>>> print(open('work.txt').read())   # compact mmCIF, C-alpha atoms
# COMPACT_ATOMS: atom_id res chain seq x y z
CA MET A 1 77.99 48.39 2.12
CA ASN A 2 79.31 51.34 0.15
CA LEU A 3 82.55 49.44 -0.46
CA ALA A 4 80.55 46.50 -1.80
CA PHE A 5 78.82 48.89 -4.20
CA GLU A 6 82.23 50.15 -5.33
CA GLU A 7 83.17 46.55 -6.14
CA ALA A 8 79.88 46.06 -7.99
CA GLN A 9 80.62 49.14 -10.09
CA LEU A 10 84.10 47.85 -10.91
CA ALA A 11 82.61 44.49 -11.92
CA GLN A 12 80.16 46.26 -14.20
CA GLU A 13 82.96 48.24 -15.82
CA ARG A 14 84.66 44.90 -16.59
CA GLY A 15 81.47 43.64 -18.25
CA GLU A 16 80.54 41.42 -15.32
CA VAL A 17 77.16 41.30 -13.59
CA PRO A 18 77.45 44.14 -11.04
CA VAL A 19 77.67 42.36 -7.72
CA GLY A 20 80.23 43.31 -5.08
CA ALA A 21 81.23 41.86 -1.73
CA ILE A 22 83.35 42.92 1.25
CA ILE A 23 84.53 40.88 4.22
CA VAL A 24 85.19 42.70 7.48
CA SER A 25 86.96 41.26 10.52
CA ALA A 26 85.47 41.28 14.01
CA GLN A 27 87.75 44.27 14.71
CA GLY A 28 86.24 46.23 11.79
CA GLN A 29 89.15 45.82 9.37
CA VAL A 30 88.32 45.24 5.71
CA LEU A 31 90.02 41.91 4.96
CA ALA A 32 88.93 41.43 1.36
CA ARG A 33 86.97 42.91 -1.47
CA GLY A 34 85.57 41.18 -4.52
CA GLY A 35 83.32 41.61 -7.49
CA ASN A 36 82.01 39.09 -9.96
CA GLU A 37 84.84 37.66 -12.08
CA THR A 38 83.09 34.79 -13.85
CA ARG A 39 83.77 36.10 -17.36
CA ALA A 40 87.29 37.36 -16.69
CA LYS A 41 88.37 34.05 -15.16
CA ASN A 42 86.13 31.76 -17.23
CA ASP A 43 85.05 30.40 -13.87
CA PRO A 44 81.38 29.93 -13.00
CA THR A 45 82.29 29.88 -9.28
CA ALA A 46 83.93 33.33 -9.33
CA HIS A 47 80.95 35.11 -7.79
CA ALA A 48 81.71 38.21 -5.73
CA GLU A 49 81.17 36.35 -2.45
CA ILE A 50 83.47 33.48 -3.40
CA VAL A 51 86.17 35.88 -4.62
CA ALA A 52 86.02 37.80 -1.33
CA ILE A 53 85.93 34.63 0.79
CA ARG A 54 88.99 33.21 -0.97
CA ARG A 55 90.92 36.45 -0.51
CA ALA A 56 89.96 36.80 3.16
CA CYS A 57 90.99 33.20 3.85
CA GLU A 58 94.38 33.93 2.27
CA VAL A 59 94.79 37.06 4.41
CA LEU A 60 93.96 35.17 7.62
CA GLY A 61 95.71 31.96 6.62
CA SER A 62 92.63 29.96 7.54
CA GLU A 63 89.66 28.29 5.88
CA ARG A 64 87.41 29.76 8.58
CA LEU A 65 86.35 33.38 8.82
CA ILE A 66 85.03 33.20 12.38
CA GLY A 67 83.67 36.50 13.63
CA CYS A 68 83.78 38.08 10.17
CA ASP A 69 80.97 39.91 8.40
CA LEU A 70 80.13 39.68 4.71
CA TYR A 71 78.48 42.57 2.90
CA VAL A 72 77.16 41.79 -0.59
CA THR A 73 74.96 43.80 -2.91
CA LEU A 74 72.76 40.87 -3.99
CA GLU A 75 71.29 37.93 -2.09
CA PRO A 76 73.76 35.05 -2.32
CA CYS A 77 72.95 32.09 -4.57
CA PRO A 78 72.87 28.56 -3.10
CA MET A 79 76.56 27.97 -3.95
CA CYS A 80 77.62 31.17 -2.21
CA ALA A 81 75.32 30.56 0.77
CA ALA A 82 76.94 27.15 1.27
CA ALA A 83 80.41 28.74 1.07
CA ILE A 84 79.35 31.37 3.62
CA SER A 85 78.25 28.59 5.97
CA ASN A 86 81.40 26.55 5.40
CA ALA A 87 83.58 29.61 6.07
CA ARG A 88 81.69 30.16 9.34
CA ILE A 89 80.97 33.81 8.56
CA ALA A 90 79.23 35.38 11.55
CA ARG A 91 76.95 37.90 9.84
CA LEU A 92 75.65 38.31 6.30
CA TYR A 93 74.37 41.69 5.13
CA TYR A 94 72.89 41.86 1.64
CA GLY A 95 71.10 44.35 -0.55
CA ALA A 96 68.66 43.21 -3.22
CA GLU A 97 66.67 40.01 -2.99
CA ASP A 98 67.14 37.53 -5.82
CA SER A 99 63.83 35.79 -6.50
CA LYS A 100 65.31 33.86 -9.45
CA SER A 101 68.61 32.59 -8.06
CA GLY A 102 68.69 33.41 -4.36
CA GLY A 103 69.77 30.83 -1.85
CA VAL A 104 69.01 32.61 1.42
CA GLY A 105 65.50 34.10 1.40
CA TYR A 106 64.33 32.43 -1.81
CA GLY A 107 64.82 29.15 -3.57
CA ALA A 108 67.04 26.66 -1.76
CA LYS A 109 67.14 28.60 1.54
CA ILE A 110 70.44 26.94 2.39
CA PHE A 111 70.60 28.19 5.97
CA SER A 112 67.30 26.52 6.89
CA HIS A 113 68.44 23.00 5.92
CA PRO A 114 69.37 20.56 8.70
CA GLN A 115 72.56 19.75 6.73
CA CYS A 116 73.72 23.34 7.17
CA HIS A 117 76.29 23.21 9.96
CA HIS A 118 76.61 26.96 10.53
CA VAL A 119 73.99 29.65 10.12
CA PRO A 120 75.11 33.28 10.09
CA GLU A 121 72.97 36.13 11.32
CA VAL A 122 71.26 37.52 8.20
CA TYR A 123 70.34 41.15 7.55
CA ASP A 124 68.69 41.85 4.21
CA GLY A 125 67.48 44.84 2.24
CA ILE A 126 70.51 47.06 2.94
CA GLY A 127 70.81 49.33 -0.09
CA ALA A 128 68.28 47.14 -1.90
CA ASP A 129 66.93 49.93 -4.11
CA ARG A 130 70.42 50.94 -5.20
CA ALA A 131 71.39 47.33 -5.95
CA GLU A 132 68.17 46.62 -7.85
CA LYS A 133 68.61 49.76 -9.95
CA MET A 134 72.23 48.87 -10.75
CA LEU A 135 71.28 45.35 -11.84
CA THR A 136 68.22 46.46 -13.82
CA ASN A 137 70.23 49.09 -15.70
CA PHE A 138 73.00 46.59 -16.43
CA PHE A 139 70.65 44.03 -17.96
CA GLN A 140 68.64 46.65 -19.87
CA HIS A 141 71.83 47.86 -21.55
CA ARG A 142 72.88 44.29 -22.39
CA ARG A 143 69.56 43.63 -24.12
CA LYS A 144 69.98 46.62 -26.46
>>> encode(input="work.txt", output="structure tokens")
Amino acid sequence: MNLAFEEAQLAQERGEVPVGAIIVSAQGQVLARGGNETRAKNDPTAHAEIVAIRRACEVLGSERLIGCDLYVTLEPCPMCAAAISNARIARLYYGAEDSKSGGVGYGAKIFSHPQCHHVPEVYDGIGADRAEKMLTNFFQHRRK
């Protein structure tokens, strides 16, 4: 999760919302890293999770990330949760809950829908305080 926080910090330094993600293979190798890039790429889909998923798929040469783990500093939104399912990620570890835009524990709860073909194991609250503080500070500074 520390690597995901490094990516979140880099995203913040670029003026992006500080969210970072890491994908790790079943053998423990870091396959991909990503931070939010929505502003830099003018792409509303360039969330940290999507960036990392795309990069990991390129590394493996596959659209499936079977056996891989995703670490992300913030609860994935519905779009990212659907991508996680479609990529067949084995385990999702996330930090802060997102009561406004979350798609796992809040809101759409993508993994609980019958249309969801793959449900990863989910572990939440990992580094939640750190993630919440990073996000709160980011938005407080933007409002000034």
>>> atom_distance(input="work.txt", atom1="atom CA of Val51 of chain A", atom2="atom CA of Phe138 of chain A")
20.7 Å
>>> residues_near_point(input="work.txt", point="(80.9, 30.3, 4.4)", cutoff="10 Å", atoms="only C-alpha atoms", output="PyMOL selection string")
chain A and resi 49-50+53+63-66+70+79-90+92+118-120
>>> closest_residue(input="work.txt", among="A:Gly102, A:Pro78, A:Gly35, A:Pro114", to="Glu13 of chain A", atoms="all atoms listed in the file")
A:Gly35
>>> atom_distance(input="work.txt", atom1="atom CA of Gly61 of chain A", atom2="atom CA of Val19 of chain A")
25.3 Å
>>> atom_distance(input="work.txt", atom1="atom CA of Gly95 of chain A", atom2="atom CA of Leu60 of chain A")
26.0 Å
>>> residues_near_point(input="work.txt", point="(76.8, 49.1, -9.0)", cutoff="9 Å", atoms="only C-alpha atoms", output="list in words")
Ala4, Phe5, Glu6, Glu7, Ala8, Gln9, Leu10, Ala11, Gln12, Pro18, Val19, Gly20, Thr73, Arg130, Ala131, Lys133, Met134, Leu135 and Phe138 of chain A
>>> closest_atom_pairs(input="work.txt", of="segment 39-60 of chain A", to="segment 26-34 of chain A", cutoff="7 Å", atoms="all atoms listed in the file", output="tab-separated table")
residue	atom	partner	partner_atom	distance
A:Ala48	CA	A:Gly34	CA	5.0
A:Glu49	CA	A:Gly34	CA	6.9
A:Val51	CA	A:Gly34	CA	5.3
A:Ala52	CA	A:Gly34	CA	4.7
A:Arg55	CA	A:Ala32	CA	5.7
A:Ala56	CA	A:Ala32	CA	5.1
A:Val59	CA	A:Leu31	CA	6.8
>>> residues_around(input="work.txt", residues="Val104 of chain A", least_positions_apart="5", cutoff="7 Å", atoms="all atoms listed in the file", output="ChimeraX atom specification")
/A:75-76,81,109-111
>>> closest_residue(input="work.txt", among="A:Phe139, A:Tyr71, A:Tyr123, A:Tyr94", to="Glu16 of chain A", atoms="all atoms listed in the file")
A:Phe139
>>> closest_residue(input="work.txt", among="A:Glu121, A:Gly67, A:Ser112, A:Ala128", to="Asp98 of chain A", atoms="only C-alpha atoms")
A:Ala128
>>> decode(input="work.txt", residues="segment 93-116 of chain A", atoms="N, CA, C and O atoms", output="PDB file, in the first residue's frame")
ATOM      1  N   TYR A  93      -7.537  -4.335  -2.347  1.00  0.00           N
ATOM      2  CA  TYR A  93      -7.206  -3.738  -1.056  1.00  0.00           C
ATOM      3  C   TYR A  93      -7.348  -2.230  -1.224  1.00  0.00           C
ATOM      4  O   TYR A  93      -6.719  -1.650  -2.117  1.00  0.00           O
ATOM      5  N   TYR A  94      -8.179  -1.596  -0.402  1.00  0.00           N
ATOM      6  CA  TYR A  94      -8.281  -0.139  -0.533  1.00  0.00           C
ATOM      7  C   TYR A  94      -8.266   0.544   0.827  1.00  0.00           C
ATOM      8  O   TYR A  94      -8.550  -0.066   1.850  1.00  0.00           O
ATOM      9  N   GLY A  95      -7.908   1.827   0.765  1.00  0.00           N
ATOM     10  CA  GLY A  95      -7.759   2.636   1.972  1.00  0.00           C
ATOM     11  C   GLY A  95      -9.061   3.273   2.410  1.00  0.00           C
ATOM     12  O   GLY A  95      -9.912   2.637   3.027  1.00  0.00           O
ATOM     13  N   ALA A  96      -9.238   4.535   2.062  1.00  0.00           N
ATOM     14  CA  ALA A  96     -10.389   5.309   2.518  1.00  0.00           C
ATOM     15  C   ALA A  96     -11.668   4.889   1.816  1.00  0.00           C
ATOM     16  O   ALA A  96     -11.666   4.560   0.631  1.00  0.00           O
ATOM     17  N   GLU A  97     -12.763   4.929   2.555  1.00  0.00           N
ATOM     18  CA  GLU A  97     -14.082   4.730   1.978  1.00  0.00           C
ATOM     19  C   GLU A  97     -14.470   6.002   1.237  1.00  0.00           C
ATOM     20  O   GLU A  97     -14.020   7.089   1.578  1.00  0.00           O
ATOM     21  N   ASP A  98     -15.323   5.863   0.233  1.00  0.00           N
ATOM     22  CA  ASP A  98     -15.789   7.018  -0.523  1.00  0.00           C
ATOM     23  C   ASP A  98     -17.315   7.030  -0.492  1.00  0.00           C
ATOM     24  O   ASP A  98     -17.980   6.447  -1.351  1.00  0.00           O
ATOM     25  N   SER A  99     -17.875   7.714   0.502  1.00  0.00           N
ATOM     26  CA  SER A  99     -19.326   7.723   0.680  1.00  0.00           C
ATOM     27  C   SER A  99     -20.048   8.497  -0.416  1.00  0.00           C
ATOM     28  O   SER A  99     -21.246   8.316  -0.611  1.00  0.00           O
ATOM     29  N   LYS A 100     -19.339   9.349  -1.159  1.00  0.00           N
ATOM     30  CA  LYS A 100     -19.964  10.121  -2.237  1.00  0.00           C
ATOM     31  C   LYS A 100     -19.930   9.384  -3.573  1.00  0.00           C
ATOM     32  O   LYS A 100     -20.893   9.397  -4.324  1.00  0.00           O
ATOM     33  N   SER A 101     -18.804   8.755  -3.881  1.00  0.00           N
ATOM     34  CA  SER A 101     -18.629   8.189  -5.227  1.00  0.00           C
ATOM     35  C   SER A 101     -18.196   6.732  -5.235  1.00  0.00           C
ATOM     36  O   SER A 101     -17.849   6.202  -6.294  1.00  0.00           O
ATOM     37  N   GLY A 102     -18.190   6.090  -4.098  1.00  0.00           N
ATOM     38  CA  GLY A 102     -17.732   4.707  -4.034  1.00  0.00           C
ATOM     39  C   GLY A 102     -18.629   3.746  -4.795  1.00  0.00           C
ATOM     40  O   GLY A 102     -19.831   3.982  -4.932  1.00  0.00           O
ATOM     41  N   GLY A 103     -18.023   2.676  -5.267  1.00  0.00           N
ATOM     42  CA  GLY A 103     -18.778   1.679  -6.011  1.00  0.00           C
ATOM     43  C   GLY A 103     -18.637   0.284  -5.444  1.00  0.00           C
ATOM     44  O   GLY A 103     -19.080  -0.687  -6.047  1.00  0.00           O
ATOM     45  N   VAL A 104     -17.997   0.183  -4.271  1.00  0.00           N
ATOM     46  CA  VAL A 104     -17.764  -1.130  -3.666  1.00  0.00           C
ATOM     47  C   VAL A 104     -18.573  -1.265  -2.380  1.00  0.00           C
ATOM     48  O   VAL A 104     -19.458  -2.103  -2.281  1.00  0.00           O
ATOM     49  N   GLY A 105     -18.287  -0.429  -1.393  1.00  0.00           N
ATOM     50  CA  GLY A 105     -18.986  -0.478  -0.116  1.00  0.00           C
ATOM     51  C   GLY A 105     -20.149   0.488  -0.031  1.00  0.00           C
ATOM     52  O   GLY A 105     -21.016   0.365   0.820  1.00  0.00           O
ATOM     53  N   TYR A 106     -20.157   1.477  -0.906  1.00  0.00           N
ATOM     54  CA  TYR A 106     -21.200   2.498  -0.947  1.00  0.00           C
ATOM     55  C   TYR A 106     -21.814   2.545  -2.332  1.00  0.00           C
ATOM     56  O   TYR A 106     -21.309   1.947  -3.277  1.00  0.00           O
ATOM     57  N   GLY A 107     -22.862   3.310  -2.455  1.00  0.00           N
ATOM     58  CA  GLY A 107     -23.433   3.587  -3.767  1.00  0.00           C
ATOM     59  C   GLY A 107     -23.832   2.342  -4.531  1.00  0.00           C
ATOM     60  O   GLY A 107     -24.602   1.512  -4.054  1.00  0.00           O
ATOM     61  N   ALA A 108     -23.282   2.208  -5.728  1.00  0.00           N
ATOM     62  CA  ALA A 108     -23.691   1.151  -6.660  1.00  0.00           C
ATOM     63  C   ALA A 108     -23.369  -0.265  -6.184  1.00  0.00           C
ATOM     64  O   ALA A 108     -24.020  -1.209  -6.608  1.00  0.00           O
ATOM     65  N   LYS A 109     -22.379  -0.420  -5.336  1.00  0.00           N
ATOM     66  CA  LYS A 109     -21.980  -1.748  -4.843  1.00  0.00           C
ATOM     67  C   LYS A 109     -21.916  -2.754  -5.993  1.00  0.00           C
ATOM     68  O   LYS A 109     -22.598  -3.772  -6.011  1.00  0.00           O
ATOM     69  N   ILE A 110     -21.080  -2.453  -6.940  1.00  0.00           N
ATOM     70  CA  ILE A 110     -20.967  -3.225  -8.185  1.00  0.00           C
ATOM     71  C   ILE A 110     -20.803  -4.719  -7.957  1.00  0.00           C
ATOM     72  O   ILE A 110     -21.412  -5.533  -8.655  1.00  0.00           O
ATOM     73  N   PHE A 111     -20.008  -5.108  -6.989  1.00  0.00           N
ATOM     74  CA  PHE A 111     -19.712  -6.526  -6.801  1.00  0.00           C
ATOM     75  C   PHE A 111     -20.899  -7.331  -6.266  1.00  0.00           C
ATOM     76  O   PHE A 111     -20.882  -8.553  -6.309  1.00  0.00           O
ATOM     77  N   SER A 112     -21.935  -6.647  -5.780  1.00  0.00           N
ATOM     78  CA  SER A 112     -23.097  -7.372  -5.257  1.00  0.00           C
ATOM     79  C   SER A 112     -24.203  -7.550  -6.300  1.00  0.00           C
ATOM     80  O   SER A 112     -25.209  -8.202  -6.026  1.00  0.00           O
ATOM     81  N   HIS A 113     -24.012  -7.020  -7.501  1.00  0.00           N
ATOM     82  CA  HIS A 113     -25.014  -7.158  -8.559  1.00  0.00           C
ATOM     83  C   HIS A 113     -24.931  -8.534  -9.220  1.00  0.00           C
ATOM     84  O   HIS A 113     -23.843  -9.046  -9.457  1.00  0.00           O
ATOM     85  N   PRO A 114     -26.075  -9.108  -9.588  1.00  0.00           N
ATOM     86  CA  PRO A 114     -26.045 -10.402 -10.278  1.00  0.00           C
ATOM     87  C   PRO A 114     -25.367 -10.328 -11.650  1.00  0.00           C
ATOM     88  O   PRO A 114     -24.880 -11.330 -12.148  1.00  0.00           O
ATOM     89  N   GLN A 115     -25.311  -9.121 -12.243  1.00  0.00           N
ATOM     90  CA  GLN A 115     -24.644  -8.953 -13.535  1.00  0.00           C
ATOM     91  C   GLN A 115     -23.129  -8.948 -13.410  1.00  0.00           C
ATOM     92  O   GLN A 115     -22.425  -8.998 -14.413  1.00  0.00           O
ATOM     93  N   CYS A 116     -22.618  -8.887 -12.227  1.00  0.00           N
ATOM     94  CA  CYS A 116     -21.173  -8.878 -11.995  1.00  0.00           C
ATOM     95  C   CYS A 116     -20.662 -10.314 -12.129  1.00  0.00           C
ATOM     96  O   CYS A 116     -21.020 -11.189 -11.349  1.00  0.00           O
TER      97      CYS A 116
END
